[in-house]
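Here is the structure we will look at.
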Amino acid sequence: MTDDTQPHDETADGQGDEHQHRVDGRSQQGDEHQHRVDGRSRQGDDHACSGCGPTPTDGRTATDGGTATDGGTAVDDGGDFEPIQVFPEAEDADLRPGADDCYKCSTCDTTCPVAEVDEDFPGPKFQGPEQWRLKRSEDHDIDDSISKCSNCMRCDSACPSDVPLSQMHNTARAQYVDDQMSKTSLTYWRNRLLANYGTMARLGSTFPRLTNAVMGNSLVQQVNEKVLGITAEREFPKFATETFRSWYAKRGGEATSVENARRAREARGEDPEADKRVAYFHGDYANHNTPEVAQALVHVFESFGYAVVVPEQRCSGTPMFANGMLEDARRAAKVNVESFSELVEDGVDVVCSCTSCSMALRQEYPELFSIPGTAKVAANTYDAVEYLRVNEDLDGELAAADVTASDVGVEEFAYHAPCHARNQGLDGQTVELLSQLDGVDAEDVGDSCSGISGTYGWKEEKYETSMKIGAEMFEHMEDADATTGMTECPTCAMQMEHGTGYEIEHPLQVLEAALVDGAGDEAA
Ligand code: SF4
Ligand code: SF4
């Protein structure tokens, strides 16, 4: 298999049995074999896995790394097994087995936030297995409504039959953009611009003050809405005057982090010479817009004795998947996988501060691309807080910390779990964690979607839907005994702030305030 857009085949990549199936059933560190974090495997037990049992014979491929279209085996006259080609060789991901697993229970439709507020949206069952079957007939176009799916992925984890809904949606959306969307339309170029936020951010960060002034001008916002269809209702996120990468380089790069971590290990009574490192996938937003979150991650990990390595990287691809720009996403994924897989080979785990980034590396890359090294990176990627809970006594250290609300700056947070955190089984961890701190609390504002879904809520024609979806979360935030919000996702944070006017923090910022002495002090 040479096409990177084909589903991932572990055996082709030579990954042996260090593979993964789905993210929401994470293995612990060191166990490189995982299925789903919630304990389910996509196809029950008959997955392709040298460690678990026989290769499946039903032709499934997409998530389990099995053979795409082997369609079963038969015994020939000589008694040898010969493959029988039941279905034609698939050019795209063979999602037939997933589609066949749908028994039309409609559970997915009842969890879809877009279907809840937009009666014209046919819902995930149609976007997934039904549309997939329809498009198998050559003259059938992808329905336009695929562009109304926000890629929140709630349907994906809701399906009791493990139908790979988000993979189907991503595949259908990409086909729709490739074959049916005019490449000269403003909508195409608007979506391309939003999907490639990193390019825009690199330009914006060159002259951040000027860019902030221009993008914050109401006239410019009106022009953006009229010409490009980017809503004028939202305030464009401000670029930091110094990017995270520039801050990291200025403080001495990896050498400083190694030294800070060595000192911390010494102070903690650990082996100062131990090789304790993590590779940080910061993504575009923490680099250009919220470097304080990325800096908090570095300080917190160093305080636990980890050197933080920051390899070359590009956008995780999340906005590209959501806009059907699969080729752009593949190019970004290739840079990321090649860059991080070298470190993973060296025993270094990957940590993310954004739950959509960890989602992309853990689930979407293996579902959509066959870039060598993808499975290893996926199997060794963690949400940053999750990583510390798995590998360190984070809860215990918080419980023992001599911290008051005035150290943290806030007594009560209104916490929203992003949909992509839910998909990774991480929705409860922040509230649990903060309950360890004396005098500081986080109140969960419910399981509704924030509604912004990355670039979705930035589109003029989707703004109203986005706000209707977010209404429940805004209401619960206002009902909570808190005036500061908290979430792991930067675009959920934008929506929370937009809907309530609250300031929003990342859990890592609270950990930094609680656990790190002199977080702003850098190594001499
Ligand atoms: S939840 Fe799964 S099985 Fe039920 S209708 Fe949706 S895709 Fe089909
Ligand atoms: S990904 Fe979200 S918006 Fe799209 S169909 Fe599924 S639940 Fe609905």
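Each chain in the structure tokens gets a letter, A, B, ..., in the order shown, and its residues are numbered from 1; ligands are numbered from 1 in order too.
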Using 10 Å as the limit and counting only C-alpha atoms, can you tabulate each residue of stretch 378-462 of chain A that touches stretch 286-309 of chain A, with its shortest atom-to-atom distance in Å and the two atoms involved, as a tab-separated table?
residue	atom	partner	partner_atom	distance
A:Ala384	CA	A:Leu297	CA	7.6
A:Val385	CA	A:Leu297	CA	9.1
A:Tyr387	CA	A:Phe301	CA	9.9
A:Leu388	CA	A:Phe301	CA	8.2
A:Glu392	CA	A:Phe304	CA	7.9
A:Asp393	CA	A:Phe304	CA	9.8
A:Leu394	CA	A:Phe304	CA	9.2
Could the residues in this selection be written to a file with C-alpha atoms, as a PDB file, in the first residue's frame?
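Output below, filename out.pdb:
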ATOM      1  CA  ALA A 384      -1.046  16.061  28.993  1.00  0.00           C
ATOM      2  CA  VAL A 385      -3.088  15.808  32.199  1.00  0.00           C
ATOM      3  CA  TYR A 387      -0.292  11.423  31.052  1.00  0.00           C
ATOM      4  CA  LEU A 388       0.574  12.760  34.476  1.00  0.00           C
ATOM      5  CA  GLU A 392       2.753  10.198  38.274  1.00  0.00           C
ATOM      6  CA  ASP A 393       0.716  10.619  41.432  1.00  0.00           C
ATOM      7  CA  LEU A 394      -0.828  13.852  40.180  1.00  0.00           C
TER       8      LEU A 394
END
Please, which residues have at least one atom within 7 Å of an atom of ligand 2, using only C-alpha atoms and all ligand atoms, listed as a PyMOL selection string? chain A and resi 108+111-115+123-124+127+149-156+166
Could the residues in this selection be saved with N, CA and C atoms as a short mmCIF file (atom, residue, chain, number, x, y, z; two decimals), in the first residue's frame?
data_model
loop_
_atom_site.label_atom_id
_atom_site.label_comp_id
_atom_site.auth_asym_id
_atom_site.auth_seq_id
_atom_site.Cartn_x
_atom_site.Cartn_y
_atom_site.Cartn_z
N CYS A 108 -27.18 7.21 17.32
CA CYS A 108 -26.29 8.29 16.87
C CYS A 108 -27.09 9.56 16.59
N THR A 111 -27.86 11.73 19.52
CA THR A 111 -26.75 12.42 20.20
C THR A 111 -26.18 13.57 19.36
N CYS A 112 -26.71 13.75 18.17
CA CYS A 112 -26.12 14.74 17.26
C CYS A 112 -26.60 16.15 17.62
N PRO A 113 -25.67 17.04 18.00
CA PRO A 113 -26.10 18.39 18.40
C PRO A 113 -26.63 19.21 17.22
N VAL A 114 -26.14 18.93 16.01
CA VAL A 114 -26.63 19.69 14.85
C VAL A 114 -28.06 19.27 14.53
N ALA A 115 -28.32 17.95 14.53
CA ALA A 115 -29.68 17.46 14.24
C ALA A 115 -30.68 17.99 15.27
N GLY A 123 -28.72 13.92 9.90
CA GLY A 123 -28.13 13.20 11.04
C GLY A 123 -27.05 12.22 10.65
N PRO A 124 -26.33 11.72 11.66
CA PRO A 124 -25.15 10.87 11.42
C PRO A 124 -25.44 9.53 10.76
N GLN A 127 -25.50 10.38 7.21
CA GLN A 127 -24.17 10.81 6.74
C GLN A 127 -23.18 9.65 6.71
N CYS A 149 -22.36 18.77 8.97
CA CYS A 149 -21.80 18.01 10.10
C CYS A 149 -20.61 18.78 10.65
N SER A 150 -20.57 18.99 11.94
CA SER A 150 -19.52 19.82 12.53
C SER A 150 -18.26 19.02 12.89
N ASN A 151 -18.29 17.72 12.70
CA ASN A 151 -17.18 16.84 13.09
C ASN A 151 -16.94 16.84 14.60
N CYS A 152 -18.01 16.98 15.36
CA CYS A 152 -17.87 16.93 16.83
C CYS A 152 -17.54 15.51 17.29
N MET A 153 -17.89 14.51 16.48
CA MET A 153 -17.59 13.09 16.73
C MET A 153 -18.38 12.49 17.89
N ARG A 154 -19.43 13.17 18.33
CA ARG A 154 -20.23 12.59 19.42
C ARG A 154 -20.92 11.31 18.97
N CYS A 155 -21.36 11.28 17.71
CA CYS A 155 -22.04 10.09 17.20
C CYS A 155 -21.08 8.89 17.21
N ASP A 156 -19.80 9.17 16.95
CA ASP A 156 -18.81 8.12 16.83
C ASP A 156 -18.72 7.28 18.11
N SER A 166 -17.23 8.69 12.22
CA SER A 166 -16.45 9.88 11.87
C SER A 166 -15.54 9.60 10.68
#
Per residue of chain A within 9 Å of ligand 1, note the shortest atom pair and the distance in Å to one decimal, counting only C-alpha atoms and all ligand atoms, and order the rows by chain and increasing residue number, as a Markdown table.
| residue | atom | partner | partner_atom_place_in_ligand_line | distance |
| --- | --- | --- | --- | --- |
| A:Gly98 | CA | ligand 1 | 7 (S) | 8.4 |
| A:Ala99 | CA | ligand 1 | 7 (S) | 7.6 |
| A:Asp100 | CA | ligand 1 | 8 (Fe) | 8.8 |
| A:Asp101 | CA | ligand 1 | 3 (S) | 6.4 |
| A:Cys102 | CA | ligand 1 | 8 (Fe) | 3.6 |
| A:Tyr103 | CA | ligand 1 | 3 (S) | 4.5 |
| A:Lys104 | CA | ligand 1 | 5 (S) | 3.6 |
| A:Cys105 | CA | ligand 1 | 4 (Fe) | 3.9 |
| A:Ser106 | CA | ligand 1 | 5 (S) | 3.8 |
| A:Thr107 | CA | ligand 1 | 1 (S) | 4.3 |
| A:Cys108 | CA | ligand 1 | 1 (S) | 4.1 |
| A:Asp109 | CA | ligand 1 | 6 (Fe) | 6.5 |
| A:Thr110 | CA | ligand 1 | 1 (S) | 8.7 |
| A:Pro124 | CA | ligand 1 | 6 (Fe) | 6.7 |
| A:Lys125 | CA | ligand 1 | 6 (Fe) | 4.8 |
| A:Phe126 | CA | ligand 1 | 5 (S) | 8.5 |
| A:Gly128 | CA | ligand 1 | 7 (S) | 6.8 |
| A:Pro129 | CA | ligand 1 | 7 (S) | 6.4 |
| A:Glu130 | CA | ligand 1 | 7 (S) | 8.9 |
| A:Cys155 | CA | ligand 1 | 1 (S) | 7.0 |
| A:Asp156 | CA | ligand 1 | 2 (Fe) | 8.0 |
| A:Ser157 | CA | ligand 1 | 1 (S) | 8.8 |
| A:Ala158 | CA | ligand 1 | 1 (S) | 6.2 |
| A:Cys159 | CA | ligand 1 | 1 (S) | 3.6 |
| A:Pro160 | CA | ligand 1 | 2 (Fe) | 5.8 |
| A:Ser161 | CA | ligand 1 | 3 (S) | 5.0 |
| A:Asp162 | CA | ligand 1 | 2 (Fe) | 6.4 |
| A:Val163 | CA | ligand 1 | 7 (S) | 5.3 |
| A:Pro164 | CA | ligand 1 | 7 (S) | 7.8 |
| A:Leu165 | CA | ligand 1 | 7 (S) | 6.5 |
Just the residues within 10 Å of A:Pro319, please, counting only C-alpha atoms, with nothing from its chain fewer than 3 positions along; format it as an MDAnalysis selection string. chainID A and resid 151 191:192 194:197 315:316 322:326 328:329 356 453:456
File of the preceding selection, C-alpha atoms, as an mmCIF file, in the first residue's frame:
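In the end it all went to part-v3.cif:
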data_model
loop_
_atom_site.group_PDB
_atom_site.id
_atom_site.type_symbol
_atom_site.label_atom_id
_atom_site.label_comp_id
_atom_site.auth_asym_id
_atom_site.auth_seq_id
_atom_site.Cartn_x
_atom_site.Cartn_y
_atom_site.Cartn_z
ATOM 1 C CA ASN A 151 -17.177 16.835 13.087
ATOM 2 C CA ASN A 191 -12.985 26.965 4.057
ATOM 3 C CA ARG A 192 -9.429 26.481 2.813
ATOM 4 C CA LEU A 194 -10.011 28.525 7.912
ATOM 5 C CA ALA A 195 -8.733 24.967 7.588
ATOM 6 C CA ASN A 196 -5.172 26.217 7.181
ATOM 7 C CA TYR A 197 -5.213 28.444 10.242
ATOM 8 C CA CYS A 315 -1.327 21.700 12.514
ATOM 9 C CA SER A 316 -2.806 18.428 13.779
ATOM 10 C CA ALA A 322 -13.727 19.194 9.335
ATOM 11 C CA ASN A 323 -13.561 21.073 6.036
ATOM 12 C CA GLY A 324 -12.971 18.076 3.789
ATOM 13 C CA MET A 325 -9.374 19.141 2.988
ATOM 14 C CA LEU A 326 -7.972 15.654 3.357
ATOM 15 C CA ASP A 328 -3.901 19.255 3.291
ATOM 16 C CA ALA A 329 -4.429 17.121 6.394
ATOM 17 C CA SER A 356 -8.665 17.795 19.425
ATOM 18 C CA SER A 453 -16.559 22.836 16.663
ATOM 19 C CA GLY A 454 -13.370 24.533 15.508
ATOM 20 C CA THR A 455 -13.966 26.489 12.320
ATOM 21 C CA TYR A 456 -17.678 25.571 12.107
#
Once DSSP has gone over the backbone, tell me which residues of stretch 238-470 of chain A are in alpha helix (DSSP H), as a PDB file with C-alpha atoms, in the first residue's frame.
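File written: states-v4.pdb
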ATOM      1  CA  PHE A 244       5.526  29.643  22.416  1.00  0.00           C
ATOM      2  CA  ARG A 245       8.303  28.325  20.169  1.00  0.00           C
ATOM      3  CA  SER A 246      10.124  31.607  20.327  1.00  0.00           C
ATOM      4  CA  TRP A 247       9.796  31.671  24.158  1.00  0.00           C
ATOM      5  CA  TYR A 248      11.058  28.076  24.338  1.00  0.00           C
ATOM      6  CA  ALA A 249      14.048  28.838  22.090  1.00  0.00           C
ATOM      7  CA  LYS A 250      14.908  32.018  24.015  1.00  0.00           C
ATOM      8  CA  GLY A 253      15.495  25.202  24.127  1.00  0.00           C
ATOM      9  CA  GLU A 254      15.837  21.542  25.006  1.00  0.00           C
ATOM     10  CA  ALA A 255      19.100  22.013  26.962  1.00  0.00           C
ATOM     11  CA  THR A 256      17.351  24.249  29.507  1.00  0.00           C
ATOM     12  CA  SER A 257      14.427  21.875  29.841  1.00  0.00           C
ATOM     13  CA  VAL A 258      16.795  18.932  30.368  1.00  0.00           C
ATOM     14  CA  GLU A 259      18.622  20.863  33.100  1.00  0.00           C
ATOM     15  CA  ASN A 260      15.388  22.035  34.804  1.00  0.00           C
ATOM     16  CA  ALA A 261      14.063  18.481  34.768  1.00  0.00           C
ATOM     17  CA  ARG A 262      17.337  17.090  36.155  1.00  0.00           C
ATOM     18  CA  ARG A 263      17.178  19.541  39.066  1.00  0.00           C
ATOM     19  CA  ALA A 264      13.540  18.676  39.715  1.00  0.00           C
ATOM     20  CA  ARG A 265      14.336  14.941  39.788  1.00  0.00           C
ATOM     21  CA  GLU A 266      17.127  15.606  42.244  1.00  0.00           C
ATOM     22  CA  ALA A 267      14.776  17.631  44.461  1.00  0.00           C
ATOM     23  CA  ARG A 268      12.153  14.881  44.254  1.00  0.00           C
ATOM     24  CA  GLY A 283      -0.468  22.711  17.716  1.00  0.00           C
ATOM     25  CA  ASP A 284      -0.950  26.116  16.105  1.00  0.00           C
ATOM     26  CA  TYR A 285      -3.239  27.764  18.619  1.00  0.00           C
ATOM     27  CA  ALA A 286      -1.105  27.305  21.737  1.00  0.00           C
ATOM     28  CA  ASN A 287       1.922  28.393  19.740  1.00  0.00           C
ATOM     29  CA  HIS A 288       0.474  31.583  18.270  1.00  0.00           C
ATOM     30  CA  PRO A 291       1.519  30.458  24.669  1.00  0.00           C
ATOM     31  CA  GLU A 292       0.668  30.748  28.388  1.00  0.00           C
ATOM     32  CA  VAL A 293      -1.013  27.314  28.160  1.00  0.00           C
ATOM     33  CA  ALA A 294       2.035  25.790  26.443  1.00  0.00           C
ATOM     34  CA  GLN A 295       4.362  27.418  28.969  1.00  0.00           C
ATOM     35  CA  ALA A 296       2.237  26.013  31.803  1.00  0.00           C
ATOM     36  CA  LEU A 297       2.671  22.535  30.307  1.00  0.00           C
ATOM     37  CA  VAL A 298       6.445  22.948  30.182  1.00  0.00           C
ATOM     38  CA  HIS A 299       6.617  24.207  33.782  1.00  0.00           C
ATOM     39  CA  VAL A 300       4.329  21.459  35.126  1.00  0.00           C
ATOM     40  CA  PHE A 301       6.155  18.633  33.328  1.00  0.00           C
ATOM     41  CA  GLU A 302       9.562  19.968  34.325  1.00  0.00           C
ATOM     42  CA  SER A 303       8.380  20.098  37.954  1.00  0.00           C
ATOM     43  CA  THR A 318      -8.405  18.824  12.821  1.00  0.00           C
ATOM     44  CA  PRO A 319      -9.745  21.887  10.940  1.00  0.00           C
ATOM     45  CA  MET A 320      -8.737  20.251   7.661  1.00  0.00           C
ATOM     46  CA  PHE A 321     -10.720  17.066   8.397  1.00  0.00           C
ATOM     47  CA  ALA A 322     -13.727  19.194   9.335  1.00  0.00           C
ATOM     48  CA  LEU A 326      -7.972  15.654   3.357  1.00  0.00           C
ATOM     49  CA  GLU A 327      -4.909  16.240   1.185  1.00  0.00           C
ATOM     50  CA  ASP A 328      -3.901  19.255   3.291  1.00  0.00           C
ATOM     51  CA  ALA A 329      -4.429  17.121   6.394  1.00  0.00           C
ATOM     52  CA  ARG A 330      -2.348  14.287   4.955  1.00  0.00           C
ATOM     53  CA  ARG A 331       0.579  16.642   4.276  1.00  0.00           C
ATOM     54  CA  ALA A 332       0.417  18.005   7.831  1.00  0.00           C
ATOM     55  CA  ALA A 333       0.072  14.510   9.295  1.00  0.00           C
ATOM     56  CA  LYS A 334       3.121  13.316   7.353  1.00  0.00           C
ATOM     57  CA  VAL A 335       5.305  16.063   8.846  1.00  0.00           C
ATOM     58  CA  ASN A 336       3.953  15.351  12.335  1.00  0.00           C
ATOM     59  CA  VAL A 337       4.263  11.571  12.192  1.00  0.00           C
ATOM     60  CA  GLU A 338       7.772  11.685  10.722  1.00  0.00           C
ATOM     61  CA  SER A 339       8.870  14.228  13.293  1.00  0.00           C
ATOM     62  CA  PHE A 340       7.371  12.524  16.369  1.00  0.00           C
ATOM     63  CA  SER A 341       7.937   8.906  15.384  1.00  0.00           C
ATOM     64  CA  GLU A 342      11.716   9.329  15.719  1.00  0.00           C
ATOM     65  CA  LEU A 343      11.253  10.325  19.367  1.00  0.00           C
ATOM     66  CA  VAL A 344       8.628   7.642  19.987  1.00  0.00           C
ATOM     67  CA  GLU A 345      11.100   5.065  18.649  1.00  0.00           C
ATOM     68  CA  THR A 355      -7.883  17.402  23.150  1.00  0.00           C
ATOM     69  CA  SER A 356      -8.665  17.795  19.425  1.00  0.00           C
ATOM     70  CA  CYS A 357      -4.940  17.488  18.659  1.00  0.00           C
ATOM     71  CA  SER A 358      -4.631  14.293  20.717  1.00  0.00           C
ATOM     72  CA  MET A 359      -7.800  13.014  19.029  1.00  0.00           C
ATOM     73  CA  TYR A 365      -4.475   9.620  11.540  1.00  0.00           C
ATOM     74  CA  PRO A 366      -4.725   5.807  11.851  1.00  0.00           C
ATOM     75  CA  GLU A 367      -8.250   5.826  10.434  1.00  0.00           C
ATOM     76  CA  LEU A 368      -7.415   7.920   7.396  1.00  0.00           C
ATOM     77  CA  THR A 374       1.350   6.408  12.497  1.00  0.00           C
ATOM     78  CA  ALA A 375       0.382   3.498  14.743  1.00  0.00           C
ATOM     79  CA  LYS A 376       3.346   3.956  17.050  1.00  0.00           C
ATOM     80  CA  VAL A 377       2.718   7.668  17.409  1.00  0.00           C
ATOM     81  CA  ALA A 378      -1.009   7.018  18.005  1.00  0.00           C
ATOM     82  CA  ALA A 379      -0.331   4.361  20.627  1.00  0.00           C
ATOM     83  CA  ALA A 384      -1.046  16.061  28.993  1.00  0.00           C
ATOM     84  CA  VAL A 385      -3.088  15.808  32.199  1.00  0.00           C
ATOM     85  CA  GLU A 386      -4.000  12.185  31.448  1.00  0.00           C
ATOM     86  CA  TYR A 387      -0.292  11.423  31.052  1.00  0.00           C
ATOM     87  CA  LEU A 388       0.574  12.760  34.476  1.00  0.00           C
ATOM     88  CA  ARG A 389      -2.337  10.881  36.045  1.00  0.00           C
ATOM     89  CA  VAL A 390      -1.155   7.644  34.434  1.00  0.00           C
ATOM     90  CA  ASN A 391       2.546   8.034  35.145  1.00  0.00           C
ATOM     91  CA  LEU A 394      -0.828  13.852  40.180  1.00  0.00           C
ATOM     92  CA  ASP A 395      -3.948  13.574  42.342  1.00  0.00           C
ATOM     93  CA  GLY A 396      -1.841  12.842  45.431  1.00  0.00           C
ATOM     94  CA  GLU A 397       0.500  15.769  44.802  1.00  0.00           C
ATOM     95  CA  LEU A 398      -2.455  18.125  44.358  1.00  0.00           C
ATOM     96  CA  ALA A 399      -4.056  16.835  47.541  1.00  0.00           C
ATOM     97  CA  ALA A 400      -0.780  17.419  49.407  1.00  0.00           C
ATOM     98  CA  ALA A 405      -7.819  29.821  46.074  1.00  0.00           C
ATOM     99  CA  SER A 406      -5.771  33.013  46.117  1.00  0.00           C
ATOM    100  CA  ASP A 407      -2.718  31.087  44.798  1.00  0.00           C
ATOM    101  CA  VAL A 408      -4.843  29.822  41.904  1.00  0.00           C
ATOM    102  CA  CYS A 419     -16.605  16.592  22.727  1.00  0.00           C
ATOM    103  CA  HIS A 420     -13.171  15.341  21.634  1.00  0.00           C
ATOM    104  CA  ALA A 421     -12.195  14.846  25.296  1.00  0.00           C
ATOM    105  CA  ARG A 422     -15.353  12.767  25.769  1.00  0.00           C
ATOM    106  CA  ASN A 423     -14.361  10.618  22.808  1.00  0.00           C
ATOM    107  CA  GLN A 429     -10.672  13.892  34.829  1.00  0.00           C
ATOM    108  CA  THR A 430     -10.480  17.654  35.349  1.00  0.00           C
ATOM    109  CA  VAL A 431     -13.345  17.850  37.837  1.00  0.00           C
ATOM    110  CA  GLU A 432     -11.928  14.843  39.723  1.00  0.00           C
ATOM    111  CA  LEU A 433      -8.485  16.357  39.760  1.00  0.00           C
ATOM    112  CA  LEU A 434      -9.480  19.798  40.950  1.00  0.00           C
ATOM    113  CA  TYR A 463     -23.035  30.961  13.319  1.00  0.00           C
ATOM    114  CA  GLU A 464     -26.672  30.803  14.374  1.00  0.00           C
ATOM    115  CA  THR A 465     -26.658  26.980  14.558  1.00  0.00           C
ATOM    116  CA  SER A 466     -23.446  27.125  16.568  1.00  0.00           C
ATOM    117  CA  MET A 467     -25.004  29.508  19.101  1.00  0.00           C
ATOM    118  CA  LYS A 468     -28.213  27.462  19.337  1.00  0.00           C
ATOM    119  CA  ILE A 469     -26.144  24.375  20.146  1.00  0.00           C
ATOM    120  CA  GLY A 470     -24.107  26.321  22.701  1.00  0.00           C
TER     121      GLY A 470
END
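For A:Val310, the residues within 7 Å (counting only C-alpha atoms, excluding itself and residues fewer than 2 positions away along the chain) are Ala279, Tyr280, Val308 and Glu312 of chain A.
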Could you tell me, as number ranges by chain, which residues of stretch 146-384 of chain A DSSP assigns to strand (DSSP E) when given the backbone? A: 277-281, 307-309, 349-352, 381-383
Generate a file of the selected residues that holds C-alpha atoms, formatted as a PDB file, in the first residue's frame.
ATOM      1  CA  ARG A 277      11.384  13.127  28.474  1.00  0.00           C
ATOM      2  CA  VAL A 278       8.092  13.916  26.727  1.00  0.00           C
ATOM      3  CA  ALA A 279       7.567  15.291  23.212  1.00  0.00           C
ATOM      4  CA  TYR A 280       5.080  18.164  23.192  1.00  0.00           C
ATOM      5  CA  PHE A 281       2.583  18.519  20.349  1.00  0.00           C
ATOM      6  CA  ALA A 307      12.391  17.379  29.998  1.00  0.00           C
ATOM      7  CA  VAL A 308       9.991  18.747  27.378  1.00  0.00           C
ATOM      8  CA  VAL A 309      11.145  18.287  23.791  1.00  0.00           C
ATOM      9  CA  ASP A 349       5.807   9.688  24.676  1.00  0.00           C
ATOM     10  CA  VAL A 350       3.822  12.459  23.009  1.00  0.00           C
ATOM     11  CA  VAL A 351       1.690  14.840  25.088  1.00  0.00           C
ATOM     12  CA  CYS A 352      -0.898  17.359  23.861  1.00  0.00           C
ATOM     13  CA  THR A 381       0.090   9.903  22.431  1.00  0.00           C
ATOM     14  CA  TYR A 382      -1.672  11.248  25.535  1.00  0.00           C
ATOM     15  CA  ASP A 383      -3.540  14.241  26.747  1.00  0.00           C
TER      16      ASP A 383
END
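Between atom CA of A:Asp179 and atom CA of A:Met200 the interatomic distance comes to 26.0 Å.
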Residues within 12 Å of A:Pro237, only C-alpha atoms, excluding chain neighbours under 6 positions, as a ChimeraX atom specification: /A:197,200-201,204-205,208,211-216,285-286,288-290,458,490-491,493-495,497-498
So that I have them on file, write out the residues from the current selection with N, CA and C atoms, as a CSV table (one decimal), in the first residue's frame.
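Ended up saving to again.csv:
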chain,number,residue,atom,x,y,z
A,197,TYR,N,-5.4,27.4,9.3
A,197,TYR,CA,-5.2,28.4,10.2
A,197,TYR,C,-3.7,28.7,10.5
A,200,MET,N,-2.2,31.2,8.3
A,200,MET,CA,-2.7,32.6,8.6
A,200,MET,C,-2.0,33.0,9.9
A,201,ALA,N,-1.8,32.1,10.9
A,201,ALA,CA,-1.3,32.4,12.2
A,201,ALA,C,0.2,32.8,12.0
A,204,GLY,N,0.2,36.3,10.8
A,204,GLY,CA,-0.3,37.1,11.9
A,204,GLY,C,0.7,37.3,13.0
A,205,SER,N,1.4,36.3,13.3
A,205,SER,CA,2.4,36.4,14.4
A,205,SER,C,3.7,37.1,14.0
A,208,PRO,N,2.3,40.8,15.3
A,208,PRO,CA,1.0,40.5,16.1
A,208,PRO,C,0.2,41.8,16.4
A,211,THR,N,-1.6,43.0,13.3
A,211,THR,CA,-2.6,42.1,12.9
A,211,THR,C,-3.8,42.1,13.9
A,212,ASN,N,-3.5,42.2,15.2
A,212,ASN,CA,-4.6,42.3,16.1
A,212,ASN,C,-5.5,43.5,15.9
A,213,ALA,N,-4.8,44.7,15.6
A,213,ALA,CA,-5.5,45.9,15.4
A,213,ALA,C,-6.4,45.8,14.2
A,214,VAL,N,-5.8,45.3,13.1
A,214,VAL,CA,-6.5,45.2,11.8
A,214,VAL,C,-7.7,44.2,12.0
A,215,MET,N,-7.4,43.0,12.5
A,215,MET,CA,-8.5,42.0,12.6
A,215,MET,C,-9.6,42.3,13.6
A,216,GLY,N,-9.2,43.2,14.6
A,216,GLY,CA,-10.2,43.6,15.6
A,216,GLY,C,-11.0,44.8,15.1
A,285,TYR,N,-2.6,26.8,17.8
A,285,TYR,CA,-3.2,27.8,18.6
A,285,TYR,C,-2.4,28.1,19.9
A,286,ALA,N,-1.9,27.1,20.5
A,286,ALA,CA,-1.1,27.3,21.7
A,286,ALA,C,0.2,28.0,21.4
A,288,HIS,N,0.6,30.2,18.7
A,288,HIS,CA,0.5,31.6,18.3
A,288,HIS,C,-0.5,32.4,19.1
A,289,ASN,N,-1.4,31.8,19.8
A,289,ASN,CA,-2.5,32.6,20.5
A,289,ASN,C,-2.4,32.4,22.0
A,290,THR,N,-2.2,31.2,22.5
A,290,THR,CA,-2.2,31.0,24.0
A,290,THR,C,-0.9,30.4,24.4
A,458,TRP,N,-17.3,29.7,13.0
A,458,TRP,CA,-16.8,30.9,12.4
A,458,TRP,C,-17.4,31.2,11.0
A,490,PRO,N,-9.2,25.0,22.8
A,490,PRO,CA,-9.2,26.5,22.6
A,490,PRO,C,-10.4,27.0,21.9
A,491,THR,N,-11.0,26.3,21.0
A,491,THR,CA,-12.2,26.9,20.3
A,491,THR,C,-13.4,26.7,21.2
A,493,ALA,N,-13.2,27.2,24.3
A,493,ALA,CA,-12.9,28.4,25.2
A,493,ALA,C,-13.4,29.6,24.5
A,494,MET,N,-13.2,29.8,23.2
A,494,MET,CA,-13.7,31.0,22.5
A,494,MET,C,-15.2,31.1,22.6
A,495,GLN,N,-15.9,29.9,22.4
A,495,GLN,CA,-17.4,29.9,22.5
A,495,GLN,C,-17.9,30.2,23.9
A,497,GLU,N,-16.4,32.0,26.2
A,497,GLU,CA,-16.2,33.4,26.4
A,497,GLU,C,-17.2,34.2,25.6
A,498,HIS,N,-17.4,33.8,24.4
A,498,HIS,CA,-18.3,34.6,23.5
A,498,HIS,C,-19.8,34.5,24.1
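Relative to atom CA of A:Asp144, atom CA of A:Gln180 is found at 8.9 Å.
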Ranking A:Lys226, A:Lys459, A:Lys148, A:His416 by minimum distance to A:Val117 and counting only C-alpha atoms, which one comes first? A:Lys148
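For the pair atom CA of A:Ala513 and atom CA of A:Leu437, the separation is 11.4 Å.
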